[in-house]
Amino acid sequence: MIKLTVNGQAHQLDLDPNTPLLWVIRDHVGLTGTKYGCGMAQCGACTLYLNGAPVRSCSTPLAAAAGGRITTIEGLDNAAGKAVRKAWAELDVVQCGFCQSGQIMSAAALLTQNPSPTDADIEVAMAGNICRCATYARIRTAIKQAAAGLA
Amino acid sequence: MKNDRIENLSRRGFLKQGLTLGAGLTLGLHLPVAAKGLQAGPGIAGGDERAAGTFEPNAFVRIGTDDSVTVIVKHLEMGQGTYTGLPTLVAEELDARWDQIRAEGAPADARRYNNLFWGQTQGTGGSTAIANSWEQLRQAGAVAREMLVEAAARRWQVEASRIQVRAGVLSHPGGKRATFGELAEAAAALPVPEEVLLKDPTEFRLIGNPNLRRKDSAGKLDGSALFTQDVKLPGMLTAVVAHAPRFGAKLKSFDKSPAQAIPGVKQVVQIPTGVAVLAEDFWSAKLGRDALAPSVRWDETEAFKLGSDEILTRYRALAAQPGTPARKAGDPEQASAAADKMIEAEFVVPFLAHAAMEPLNCVIAPAGEGVRVLNGEQFQTADQAAVAGVLGLKPEQVNIDMLFAGGSFGRRANPKSDYVVEAAEIFKAAGGKLPVKLQWTREDDTRGGWYRPLYLHRLRAGLDQQGDPLFWEHRIVGQSIISGTAFEQALIADGVDHTSVEGASNLPYRIPNLRVDLHSPKLGIPVLWWRSVGSTHTAFAVECMIDALAVAAGRDPVDYRLGLLAGQPRQQGVLKLAAAKAGWGENPGPGRGRGVAVHKSSNSYVAQVVDVTVRGDAFSVDRVVIAVDCGIAVNPEVIKAQMEGGMGFGLSAALGDALTLKEGYVEQSNFHDYQVLRSNRMPQVEVHIMPSTERPTGVGEPATPVIAPALANALAAATGRRLYRLPLKLA
Ligand code: FES
Ligand code: FES
């Protein structure tokens with residue numbers, strides 16, 4: 001049995017410890033906002049927080065999260081998360097939306113750490129999140145707007 | 001306008017209530033996050049129970065006593081904004097409040113929800129969603145409005161003509177007021193008017209309004225939006241498939257036992273496209289597939305074994321021979337003898353995968369006598385028939401829930417229904433009793449075929465002494481997308497696949513001697529349309545060539561084009577607008593270059609001006625200024641987003657995407673080697689929309705083909721070198 005706390009709720013999982021956290025969360029915990037896009041830490045669609053830090057859950061084995069505290073898009077409710085969602089909605093960032101859980105998790109993590117990021121900070125923080133709809137320009141604007149909202 | 005397509009479903013429903021409504025189509029579907037998703041989510045129209053008193057004057061509008069207005073959207077939301085754009089048309093004529101509007105996906109029923117540009121076929125593509133719905137949905141809204149007005153007139157005993165409707169409220173100068181919800185029940189009992197008047201565009205309040213936010217945002221910001229990947233049904237098994245290593249290979253044998261040894265694996269079944277491993281969850285199925293794969297033997301005698309380079313060599317040989325004519329004017333051969341200057345170039349574009357963010361998937365579940373398909377469904381009529389064929393059902397026994405698609409770019413609308421058929425085959429082979437979710441891995445998705453074809457173009461053009469083009473010979477070599485599909489009759493004429501030459505055969509530039517011809521070699525690689533289809537390659541060849549001619553003539557590339565576009569005011573319009581906004585004519589500075597291109601596709605016109613900075617063999621794309629003429633701009637913000645994203649999608653292919661073959665094996669597999677655009681290379685983008693009174697045309701695709709030539713032209717301006725091969729590399 002491996003214990004996890006997901007969005008504040010305790011879970012006990014009787015699974016192979018090598019199972020990627022992504023599939024634990026999606027198929028066993030039952031939260032599907034975290035997406036599968038590549039399975040090899042290339043696209044960022046599966047980004048969630050493990051003990052507060054963003055990780056690519058597709059490439060994080062369950063064992064590495066044992067006893068840990070996980071936040072998914074469904075549980076993101078800190079100030080940065082709220083500011084990011086507000087800016088995303090105001091600027092109509094989403095298109096197909098499939099990458100956006102990951103984009104929002106990465107953006108909110110950046111703003112939690114660094115409430116007034118420079119363009120270079122944004123570039124580094126977001127480089128791992130692919131958006132095939134190419135919403136990148138709006139994401140950049142939205143991150144700045146969210147930062148202004150937090151200030 | 002004659003109202004000939006619309007019947008009063010709520011009246012019919014009212015009469016037959018208890019017999020049909022709610023009974024046949026609600027099949028105990030369990031969707032974990034559906035409750036929220038339904039706000040703007042999956043297609044449950046026609047299936048769920050209606051609250052008493054619901055007013056449903058036609059197949060597209062439902063008004064509840066709670067004052068909600070639900071618009072039934074017949075086109076897939078894959079990012080391009082149908083769940084916002086189509087409701088805007090209804091809401092405008094209905095005079096509804098934007099915040100009372102909800103969007104809901106339509107069921108599969110081509111009689112009611114066909115694409116009006118495609119005959120009796122339901123599907124989404126060609127950037128036609130708004131264009132084909134333009135009258136239909138405004139009419140649907142106007143009918144509902146008129147019936148609400150009539151209901152109010154009867155209740156208040158006043159003249160209908162004196163009733164005003166504004167932002168979801170009906171009012172009479174005498175002081176009476178009522179909401180839609182308060183009148184819904186009464187309106188539902190009225191006859192549907194035969195004819196309704198549509199607004200004059202000067203009266204539009206919602207169409208053209210930049211302040212309407214997207215209807216599909218909320219669920220995409222908190223993870224509740226339902227994609228096919230997220231569907232979980234009781235007893236559902238997830239399938240991962242061992243596919244052939246090369247196209248055309250046939251399954252010889254396999255050993256089930258290594259897969260069966262994986263905990264969670266329930267079944268291992270043979271299907272026409274390989275071997276499927278079904279398990280309780282994705283990861284077990286994937287482990288099972290990986291364990292199985294080494295045991296699978298393939299007969300590769302018939303398999304496709306060429307590499308991209310060999311294909312190119314063959315295409316080059318073909319390009320030396322005349323092809324099937326697609327357009328001819330004057331006598332280019334004779335004119336070539338008289339030319340003062342000649343330019344010749346060979347253009348090459350590679351195979352491309354669509355690589356949508358959501359790897360392909362499809363759910364099929366038993367449902368009464370038939371099945372229910374849950375899918376980011378782009379081509380209902382074809383997929384219904386294909387699934388019915390596999391399962392021995394009638395098409396109408398195949399119900400489809402159209403879920404959100406995590407992108408598509410054409411991939412989910414396949415006339416051959418490839419992955420949907422694969423899901424049906426697995427469902428059948430597994431016994432047909434349990435719901436099955438087919439989930440392709442990213443590697444399956446990259447290597448699964450149905451690519452934008454590799455194309456080779458040869459262009460030869462000559463100038464007269466004034467520098468004006470005297471002749472233009474354009475030869476195109478590449479696989480036909482349409483050949484062998486149900487679209488042959490509509491899209492192949494005189495041996496020419498329209499989608500292979502569009503953008504080239506309708507060259508807008510005035511050139512007296514002209515020939516465009518085509519070779520459509522057959523090749524064992526499955527191909528498909530990819531965002532903007534033929535224009536993905538024709539615009540590149542044409543717009544790079546015309547730019548090279550302008551420079552050879554010593555003329556400004558914008559002025560040169562404008563002169564050759566006499567009589568093409570919309571092409572000229574966007575070109576001038578983009579040039580003016582970008583500051584065309586100013587010196588961009590040392591090491592920098594500015595390039596331009598203009599192109600018509602999906603009946604819309606797009607011009608782009610691109611600024612680049614070159615440092616050695618590297619370059620950055622600094623800014624792209626886009627001008628678009630898409631007729632009346634229904635949702636300016638959605639249009640801008642599609643211009644930005646459509647350009648970005650094209651930029652991805654201009655900078656990096658390329659799918660290559662070696663001995664028939666696809667060399668790429670995932671995003672580490674199929675390198676798509678990332679945030680760091682996305683330029684600053686500006687979009688300008690031409691004011692227009694023309695009917696609306698497409699916006700999802702037309703920005704995509706323009707960026708590659710504009711960028712190549714900018715690089716040529718900066719370096720003096722012309723690049724005729726995608727992706728663009730200076731090194
Ligand atoms: S799915 Fe984890 S990074 Fe792509
Ligand atoms: S919004 Fe579609 S992939 Fe990002």
# chains A, B, ... in the order shown; residues from 1 in each chain; ligands from 1
>>> residues_near_ligand(ligand="ligand 2", cutoff="7 Å", atoms="only C-alpha atoms and all ligand atoms", output="list in words")
Val94, Gln95, Cys96, Gly97, Phe98, Cys99, Gln100, Ile130, Cys131, Arg132, Cys133, Ala134 and Thr135 of chain A; Gly79, Ala356, Met357, Gly406 and Gly407 of chain B
>>> write_last_selection(atoms="N, CA and C atoms", output="PDB file, in the first residue's frame")
ATOM      1  N   VAL A  94      -7.761  29.639 -23.989  1.00  0.00           N
ATOM      2  CA  VAL A  94      -7.906  28.239 -24.403  1.00  0.00           C
ATOM      3  C   VAL A  94      -8.392  28.121 -25.830  1.00  0.00           C
ATOM      4  N   GLN A  95      -7.899  27.096 -26.491  1.00  0.00           N
ATOM      5  CA  GLN A  95      -8.515  26.664 -27.754  1.00  0.00           C
ATOM      6  C   GLN A  95      -9.023  25.245 -27.511  1.00  0.00           C
ATOM      7  N   CYS A  96      -8.327  24.215 -28.006  1.00  0.00           N
ATOM      8  CA  CYS A  96      -8.856  22.872 -27.734  1.00  0.00           C
ATOM      9  C   CYS A  96      -8.843  22.570 -26.245  1.00  0.00           C
ATOM     10  N   GLY A  97      -7.899  23.178 -25.522  1.00  0.00           N
ATOM     11  CA  GLY A  97      -7.889  23.058 -24.071  1.00  0.00           C
ATOM     12  C   GLY A  97      -7.099  21.893 -23.530  1.00  0.00           C
ATOM     13  N   PHE A  98      -6.667  20.992 -24.380  1.00  0.00           N
ATOM     14  CA  PHE A  98      -6.079  19.753 -23.874  1.00  0.00           C
ATOM     15  C   PHE A  98      -4.774  19.983 -23.129  1.00  0.00           C
ATOM     16  N   CYS A  99      -4.011  20.978 -23.543  1.00  0.00           N
ATOM     17  CA  CYS A  99      -2.734  21.260 -22.876  1.00  0.00           C
ATOM     18  C   CYS A  99      -2.904  22.162 -21.667  1.00  0.00           C
ATOM     19  N   GLN A 100      -4.116  22.745 -21.520  1.00  0.00           N
ATOM     20  CA  GLN A 100      -4.222  23.904 -20.630  1.00  0.00           C
ATOM     21  C   GLN A 100      -4.123  23.563 -19.147  1.00  0.00           C
ATOM     22  N   ILE A 130       3.979  22.079 -24.298  1.00  0.00           N
ATOM     23  CA  ILE A 130       3.612  22.244 -25.712  1.00  0.00           C
ATOM     24  C   ILE A 130       2.133  22.580 -25.821  1.00  0.00           C
ATOM     25  N   CYS A 131       1.826  23.475 -26.732  1.00  0.00           N
ATOM     26  CA  CYS A 131       0.437  23.726 -27.116  1.00  0.00           C
ATOM     27  C   CYS A 131       0.370  23.625 -28.624  1.00  0.00           C
ATOM     28  N   ARG A 132      -0.278  22.576 -29.130  1.00  0.00           N
ATOM     29  CA  ARG A 132      -0.357  22.425 -30.589  1.00  0.00           C
ATOM     30  C   ARG A 132      -1.303  23.442 -31.203  1.00  0.00           C
ATOM     31  N   CYS A 133      -2.208  24.004 -30.404  1.00  0.00           N
ATOM     32  CA  CYS A 133      -3.052  25.084 -30.924  1.00  0.00           C
ATOM     33  C   CYS A 133      -2.286  26.396 -30.945  1.00  0.00           C
ATOM     34  N   ALA A 134      -1.064  26.388 -30.427  1.00  0.00           N
ATOM     35  CA  ALA A 134      -0.195  27.572 -30.428  1.00  0.00           C
ATOM     36  C   ALA A 134      -0.845  28.769 -29.748  1.00  0.00           C
ATOM     37  N   THR A 135      -1.317  28.552 -28.540  1.00  0.00           N
ATOM     38  CA  THR A 135      -1.883  29.667 -27.767  1.00  0.00           C
ATOM     39  C   THR A 135      -0.791  30.430 -27.023  1.00  0.00           C
TER      40      THR A 135
ATOM     41  N   GLY B  79     -11.137  23.432 -30.639  1.00  0.00           N
ATOM     42  CA  GLY B  79     -10.301  24.584 -30.365  1.00  0.00           C
ATOM     43  C   GLY B  79     -10.630  25.784 -31.217  1.00  0.00           C
ATOM     44  N   ALA B 356      -1.865  16.186 -32.887  1.00  0.00           N
ATOM     45  CA  ALA B 356      -2.730  16.916 -31.957  1.00  0.00           C
ATOM     46  C   ALA B 356      -2.336  16.560 -30.530  1.00  0.00           C
ATOM     47  N   MET B 357      -2.621  17.455 -29.587  1.00  0.00           N
ATOM     48  CA  MET B 357      -2.189  17.224 -28.195  1.00  0.00           C
ATOM     49  C   MET B 357      -2.800  15.958 -27.608  1.00  0.00           C
ATOM     50  N   GLY B 406      -9.114  17.174 -28.274  1.00  0.00           N
ATOM     51  CA  GLY B 406      -7.874  17.868 -27.928  1.00  0.00           C
ATOM     52  C   GLY B 406      -7.060  18.149 -29.176  1.00  0.00           C
ATOM     53  N   GLY B 407      -7.634  18.954 -30.051  1.00  0.00           N
ATOM     54  CA  GLY B 407      -7.030  19.239 -31.357  1.00  0.00           C
ATOM     55  C   GLY B 407      -7.419  18.174 -32.359  1.00  0.00           C
TER      56      GLY B 407
END
>>> closest_atom_pairs(of="chain B", to="ligand 1", cutoff="12 Å", atoms="only C-alpha atoms and all ligand atoms", output="tab-separated table")
residue	atom	partner	partner_atom_place_in_ligand_line	distance
B:Met357	CA	ligand 1	4 (Fe)	9.1
B:Glu358	CA	ligand 1	1 (S)	9.8
B:Pro359	CA	ligand 1	1 (S)	10.2
B:Thr441	CA	ligand 1	1 (S)	10.1
B:Arg442	CA	ligand 1	1 (S)	8.9
B:Glu443	CA	ligand 1	4 (Fe)	11.8
B:Asn670	CA	ligand 1	4 (Fe)	9.5
B:Phe671	CA	ligand 1	4 (Fe)	8.5
B:His672	CA	ligand 1	4 (Fe)	10.4
>>> interface_residues(of="chain B", to="chain A", cutoff="8 Å", atoms="only C-alpha atoms", output="tab-separated table (two decimals) with N, CA, C and O atoms, in the first residue's frame")
chain	number	residue	atom	x	y	z
B	77	GLU	N	-16.13	20.93	-31.43
B	77	GLU	CA	-15.25	21.95	-30.83
B	77	GLU	C	-13.89	21.29	-30.63
B	77	GLU	O	-13.72	20.39	-29.82
B	78	MET	N	-12.92	21.72	-31.46
B	78	MET	CA	-11.57	21.17	-31.35
B	78	MET	C	-10.59	22.31	-31.12
B	78	MET	O	-9.40	22.17	-31.39
B	79	GLY	N	-11.14	23.43	-30.64
B	79	GLY	CA	-10.30	24.58	-30.37
B	79	GLY	C	-10.63	25.78	-31.22
B	79	GLY	O	-10.33	26.91	-30.87
B	80	GLN	N	-11.29	25.52	-32.35
B	80	GLN	CA	-11.51	26.59	-33.32
B	80	GLN	C	-12.68	27.50	-32.96
B	80	GLN	O	-12.91	28.49	-33.64
B	81	GLY	N	-13.43	27.13	-31.92
B	81	GLY	CA	-14.43	28.07	-31.40
B	81	GLY	C	-15.86	27.86	-31.83
B	81	GLY	O	-16.68	28.76	-31.72
B	213	ARG	N	-17.09	36.28	-24.31
B	213	ARG	CA	-16.04	35.32	-23.96
B	213	ARG	C	-16.45	33.93	-24.43
B	213	ARG	O	-17.62	33.61	-24.57
B	214	ARG	N	-15.43	33.07	-24.61
B	214	ARG	CA	-15.65	31.71	-25.10
B	214	ARG	C	-16.55	30.91	-24.15
B	214	ARG	O	-16.41	31.00	-22.94
B	217	SER	N	-14.53	27.83	-22.07
B	217	SER	CA	-13.38	28.14	-21.21
B	217	SER	C	-13.43	27.44	-19.85
B	217	SER	O	-12.48	26.78	-19.45
B	218	ALA	N	-14.54	27.61	-19.15
B	218	ALA	CA	-14.58	27.24	-17.73
B	218	ALA	C	-14.07	25.82	-17.48
B	218	ALA	O	-13.18	25.61	-16.65
B	220	LYS	N	-12.26	24.00	-19.25
B	220	LYS	CA	-10.88	23.79	-19.69
B	220	LYS	C	-9.89	24.46	-18.75
B	220	LYS	O	-8.68	24.30	-18.89
B	221	LEU	N	-10.40	25.23	-17.79
B	221	LEU	CA	-9.53	25.88	-16.81
B	221	LEU	C	-9.47	25.11	-15.49
B	221	LEU	O	-8.56	25.32	-14.69
B	222	ASP	N	-10.45	24.25	-15.24
B	222	ASP	CA	-10.42	23.52	-13.97
B	222	ASP	C	-10.35	22.01	-14.17
B	222	ASP	O	-10.50	21.24	-13.21
B	223	GLY	N	-10.13	21.57	-15.39
B	223	GLY	CA	-9.94	20.14	-15.64
B	223	GLY	C	-11.22	19.36	-15.82
B	223	GLY	O	-11.19	18.15	-15.98
B	224	SER	N	-12.37	20.02	-15.79
B	224	SER	CA	-13.63	19.27	-15.85
B	224	SER	C	-14.13	19.04	-17.28
B	224	SER	O	-15.03	18.22	-17.48
B	225	ALA	N	-13.58	19.73	-18.26
B	225	ALA	CA	-14.03	19.52	-19.64
B	225	ALA	C	-13.77	18.06	-20.02
B	225	ALA	O	-12.72	17.51	-19.70
B	230	ASP	N	-10.85	11.05	-21.16
B	230	ASP	CA	-11.34	11.11	-19.78
B	230	ASP	C	-12.56	10.22	-19.55
B	230	ASP	O	-13.05	10.14	-18.42
B	281	ASP	N	-7.00	-0.76	-16.96
B	281	ASP	CA	-6.56	0.62	-16.96
B	281	ASP	C	-5.50	0.77	-18.05
B	281	ASP	O	-4.97	-0.23	-18.56
B	282	PHE	N	-5.18	2.02	-18.37
B	282	PHE	CA	-4.26	2.27	-19.48
B	282	PHE	C	-2.88	1.66	-19.24
B	282	PHE	O	-2.31	1.02	-20.12
B	283	TRP	N	-2.35	1.88	-18.05
B	283	TRP	CA	-0.94	1.49	-17.85
B	283	TRP	C	-0.76	-0.02	-17.95
B	283	TRP	O	0.22	-0.51	-18.54
B	355	ALA	N	-0.24	15.40	-35.11
B	355	ALA	CA	0.29	15.52	-33.76
B	355	ALA	C	-0.56	16.41	-32.87
B	355	ALA	O	-0.04	17.29	-32.18
B	356	ALA	N	-1.87	16.19	-32.89
B	356	ALA	CA	-2.73	16.92	-31.96
B	356	ALA	C	-2.34	16.56	-30.53
B	356	ALA	O	-1.75	15.50	-30.28
B	357	MET	N	-2.62	17.45	-29.59
B	357	MET	CA	-2.19	17.22	-28.19
B	357	MET	C	-2.80	15.96	-27.61
B	357	MET	O	-2.17	15.28	-26.82
B	358	GLU	N	-4.03	15.66	-27.96
B	358	GLU	CA	-4.68	14.45	-27.43
B	358	GLU	C	-4.40	13.30	-28.39
B	358	GLU	O	-4.92	13.28	-29.51
B	359	PRO	N	-3.58	12.33	-27.97
B	359	PRO	CA	-3.35	11.20	-28.87
B	359	PRO	C	-4.68	10.52	-29.20
B	359	PRO	O	-5.59	10.49	-28.38
B	404	PHE	N	-15.43	16.99	-26.58
B	404	PHE	CA	-14.37	17.92	-26.99
B	404	PHE	C	-13.22	17.11	-27.57
B	404	PHE	O	-12.91	16.01	-27.09
B	405	ALA	N	-12.57	17.65	-28.60
B	405	ALA	CA	-11.36	17.02	-29.13
B	405	ALA	C	-10.16	17.85	-28.74
B	405	ALA	O	-10.18	19.07	-28.86
B	406	GLY	N	-9.11	17.17	-28.27
B	406	GLY	CA	-7.87	17.87	-27.93
B	406	GLY	C	-7.06	18.15	-29.18
B	406	GLY	O	-5.96	17.63	-29.35
B	407	GLY	N	-7.63	18.95	-30.05
B	407	GLY	CA	-7.03	19.24	-31.36
B	407	GLY	C	-7.42	18.17	-32.36
B	407	GLY	O	-7.97	17.12	-32.00
B	441	THR	N	-0.93	5.50	-28.02
B	441	THR	CA	0.15	6.23	-27.36
B	441	THR	C	0.62	7.34	-28.30
B	441	THR	O	0.24	7.38	-29.48
B	442	ARG	N	1.44	8.25	-27.79
B	442	ARG	CA	1.99	9.28	-28.67
B	442	ARG	C	2.77	8.65	-29.82
B	442	ARG	O	2.72	9.10	-30.96
B	443	GLU	N	3.46	7.56	-29.51
B	443	GLU	CA	4.23	6.89	-30.56
B	443	GLU	C	3.30	6.32	-31.63
B	443	GLU	O	3.58	6.44	-32.83
B	637	GLU	N	-12.70	38.08	-31.46
B	637	GLU	CA	-11.65	37.50	-30.61
B	637	GLU	C	-11.32	36.07	-31.03
B	637	GLU	O	-10.17	35.65	-30.96
B	641	ALA	N	-7.72	34.74	-32.36
B	641	ALA	CA	-7.07	33.56	-31.78
B	641	ALA	C	-6.76	32.53	-32.86
B	641	ALA	O	-5.70	31.87	-32.83
B	644	GLU	N	-3.73	33.73	-34.82
B	644	GLU	CA	-2.50	33.52	-34.05
B	644	GLU	C	-2.13	32.03	-34.06
B	644	GLU	O	-1.01	31.65	-34.38
B	645	GLY	N	-3.10	31.21	-33.68
B	645	GLY	CA	-2.83	29.78	-33.55
B	645	GLY	C	-2.61	29.10	-34.89
B	645	GLY	O	-1.75	28.23	-35.02
B	646	GLY	N	-3.39	29.50	-35.88
B	646	GLY	CA	-3.23	28.92	-37.22
B	646	GLY	C	-1.86	29.26	-37.78
B	646	GLY	O	-1.18	28.41	-38.38
B	648	GLY	N	0.75	29.95	-35.91
B	648	GLY	CA	1.70	29.19	-35.09
B	648	GLY	C	1.81	27.74	-35.54
B	648	GLY	O	2.89	27.14	-35.53
B	649	PHE	N	0.69	27.17	-35.95
B	649	PHE	CA	0.69	25.78	-36.43
B	649	PHE	C	1.51	25.66	-37.72
B	649	PHE	O	2.29	24.72	-37.90
B	670	ASN	N	7.98	10.64	-31.11
B	670	ASN	CA	7.39	11.42	-30.02
B	670	ASN	C	7.93	12.84	-30.14
B	670	ASN	O	8.67	13.15	-31.07
B	671	PHE	N	7.60	13.70	-29.20
B	671	PHE	CA	7.96	15.11	-29.33
B	671	PHE	C	9.46	15.39	-29.20
B	671	PHE	O	9.89	16.50	-29.44
B	672	HIS	N	10.26	14.40	-28.80
B	672	HIS	CA	11.69	14.67	-28.75
B	672	HIS	C	12.30	14.69	-30.15
B	672	HIS	O	13.28	15.38	-30.39
B	676	VAL	N	7.88	20.04	-32.54
B	676	VAL	CA	6.85	21.04	-32.81
B	676	VAL	C	7.22	22.36	-32.14
B	676	VAL	O	8.12	22.42	-31.29
B	677	LEU	N	6.50	23.38	-32.53
B	677	LEU	CA	6.75	24.73	-31.99
B	677	LEU	C	6.55	24.76	-30.48
B	677	LEU	O	5.55	24.25	-29.97
B	678	ARG	N	7.51	25.35	-29.80
B	678	ARG	CA	7.36	25.61	-28.37
B	678	ARG	C	7.27	27.11	-28.15
B	678	ARG	O	7.57	27.91	-29.03
B	679	SER	N	6.93	27.44	-26.92
B	679	SER	CA	6.67	28.82	-26.55
B	679	SER	C	7.83	29.77	-26.91
B	679	SER	O	7.61	30.90	-27.33
B	680	ASN	N	9.07	29.27	-26.74
B	680	ASN	CA	10.22	30.18	-26.92
B	680	ASN	C	10.41	30.66	-28.35
B	680	ASN	O	11.09	31.64	-28.59
B	682	MET	N	7.71	31.26	-30.38
B	682	MET	CA	6.48	31.93	-30.82
B	682	MET	C	6.72	33.42	-30.88
B	682	MET	O	7.09	34.05	-29.90
B	683	PRO	N	6.54	34.02	-32.06
B	683	PRO	CA	6.80	35.46	-32.18
B	683	PRO	C	5.68	36.29	-31.56
B	683	PRO	O	4.63	35.77	-31.18
B	684	GLN	N	5.93	37.56	-31.50
B	684	GLN	CA	4.88	38.51	-31.19
B	684	GLN	C	3.93	38.53	-32.40
B	684	GLN	O	4.39	38.50	-33.53
B	685	VAL	N	2.63	38.54	-32.16
B	685	VAL	CA	1.66	38.48	-33.26
B	685	VAL	C	0.66	39.62	-33.14
B	685	VAL	O	0.20	39.93	-32.04
>>> select_by_dssp(residues="segment 471-720 of chain B", states="helix (DSSP H, G or I)", output="PyMOL selection string")
chain B and resi 488-491+498-501+535-552+557-564+569-582+636-655+679-681+704-719
>>> residues_around(residues="segment 339-350 of chain B", least_positions_apart="5", cutoff="7 Å", atoms="only C-alpha atoms", output="PyMOL selection string")
chain B and resi 454-465+470+537+541+658-659+724-726
>>> select_by_dssp(residues="chain A", states="strand (DSSP E)", output="list in words")
Ile2, Lys3, Leu4, Thr5, Val6, Gln9, Ala10, His11, Gln12, Leu13, Thr47, Leu48, Tyr49, Leu50, Ala53, Pro54, Val55, Arg56, Arg69, Ile70 and Thr71 of chain A
>>> write_last_selection(atoms="N, CA and C atoms", output="compact mmCIF listing (two decimals), in the first residue's frame")
# COMPACT_ATOMS: atom_id res chain seq x y z
N ILE A 2 0.56 2.13 -0.93
CA ILE A 2 1.29 3.40 -0.96
C ILE A 2 0.28 4.50 -0.66
N LYS A 3 0.72 5.39 0.24
CA LYS A 3 -0.18 6.48 0.64
C LYS A 3 0.12 7.75 -0.14
N LEU A 4 -0.94 8.41 -0.53
CA LEU A 4 -0.81 9.71 -1.20
C LEU A 4 -1.89 10.62 -0.64
N THR A 5 -1.59 11.91 -0.60
CA THR A 5 -2.65 12.87 -0.32
C THR A 5 -2.87 13.66 -1.60
N VAL A 6 -4.07 13.53 -2.15
CA VAL A 6 -4.36 14.20 -3.42
C VAL A 6 -5.42 15.27 -3.19
N GLN A 9 -7.05 15.00 0.07
CA GLN A 9 -7.70 13.74 0.47
C GLN A 9 -6.70 12.61 0.51
N ALA A 10 -6.79 11.78 1.55
CA ALA A 10 -5.86 10.66 1.68
C ALA A 10 -6.30 9.50 0.80
N HIS A 11 -5.32 8.88 0.14
CA HIS A 11 -5.59 7.70 -0.68
C HIS A 11 -4.57 6.62 -0.33
N GLN A 12 -5.03 5.35 -0.38
CA GLN A 12 -4.15 4.20 -0.19
C GLN A 12 -4.18 3.41 -1.49
N LEU A 13 -3.03 3.19 -2.09
CA LEU A 13 -3.04 2.57 -3.41
C LEU A 13 -2.22 1.29 -3.41
N THR A 47 1.42 17.90 -16.05
CA THR A 47 2.03 18.60 -14.93
C THR A 47 1.11 18.67 -13.72
N LEU A 48 1.63 18.26 -12.57
CA LEU A 48 0.92 18.44 -11.30
C LEU A 48 1.98 18.78 -10.25
N TYR A 49 1.54 19.06 -9.03
CA TYR A 49 2.51 19.41 -7.98
C TYR A 49 2.70 18.23 -7.04
N LEU A 50 3.96 17.92 -6.80
CA LEU A 50 4.31 16.92 -5.78
C LEU A 50 5.01 17.69 -4.67
N ALA A 53 5.89 21.25 -5.68
CA ALA A 53 6.73 21.56 -6.84
C ALA A 53 6.16 20.90 -8.10
N PRO A 54 6.17 21.62 -9.22
CA PRO A 54 5.62 21.02 -10.45
C PRO A 54 6.48 19.86 -10.94
N VAL A 55 5.84 18.74 -11.29
CA VAL A 55 6.55 17.60 -11.87
C VAL A 55 5.76 17.08 -13.06
N ARG A 56 6.46 16.38 -13.95
CA ARG A 56 5.78 15.70 -15.06
C ARG A 56 5.36 14.33 -14.53
N ARG A 69 2.34 14.79 -1.02
CA ARG A 69 1.17 15.66 -1.12
C ARG A 69 1.07 16.10 -2.58
N ILE A 70 -0.06 15.77 -3.20
CA ILE A 70 -0.22 16.07 -4.62
C ILE A 70 -1.34 17.08 -4.83
N THR A 71 -1.08 18.02 -5.71
CA THR A 71 -2.13 18.96 -6.12
C THR A 71 -2.30 18.81 -7.62
>>> residues_around(residues="Tyr315 of chain B", least_positions_apart="2", cutoff="9 Å", atoms="only C-alpha atoms", output="PyMOL selection string")
chain B and resi 310-313+317-320+455-456+477-478+519+521
>>> residues_around(residues="Trp298 of chain B", least_positions_apart="4", cutoff="8 Å", atoms="only C-alpha atoms", output="JSON, numbers by chain")
{"B": [244, 249, 250, 251, 252, 253]}
>>> atom_distance(atom1="atom CA of Asp331 of chain B", atom2="atom CA of Arg510 of chain B")
14.3 Å
>>> atom_distance(atom1="atom CA of Ala167 of chain B", atom2="atom CA of Leu94 of chain B")
8.8 Å
>>> atom_distance(atom1="atom CA of Cys46 of chain A", atom2="atom CA of Arg452 of chain B")
27.8 Å
>>> closest_residue(among="A:Leu21, A:Val29, A:Ala107, A:Ala80", to="Ala64 of chain A", atoms="only C-alpha atoms")
A:Leu21
>>> residues_around(residues="Ala144 of chain B", least_positions_apart="4", cutoff="7 Å", atoms="only C-alpha atoms", output="list in words")
Pro57, Leu94, Ala140 and Leu148 of chain B
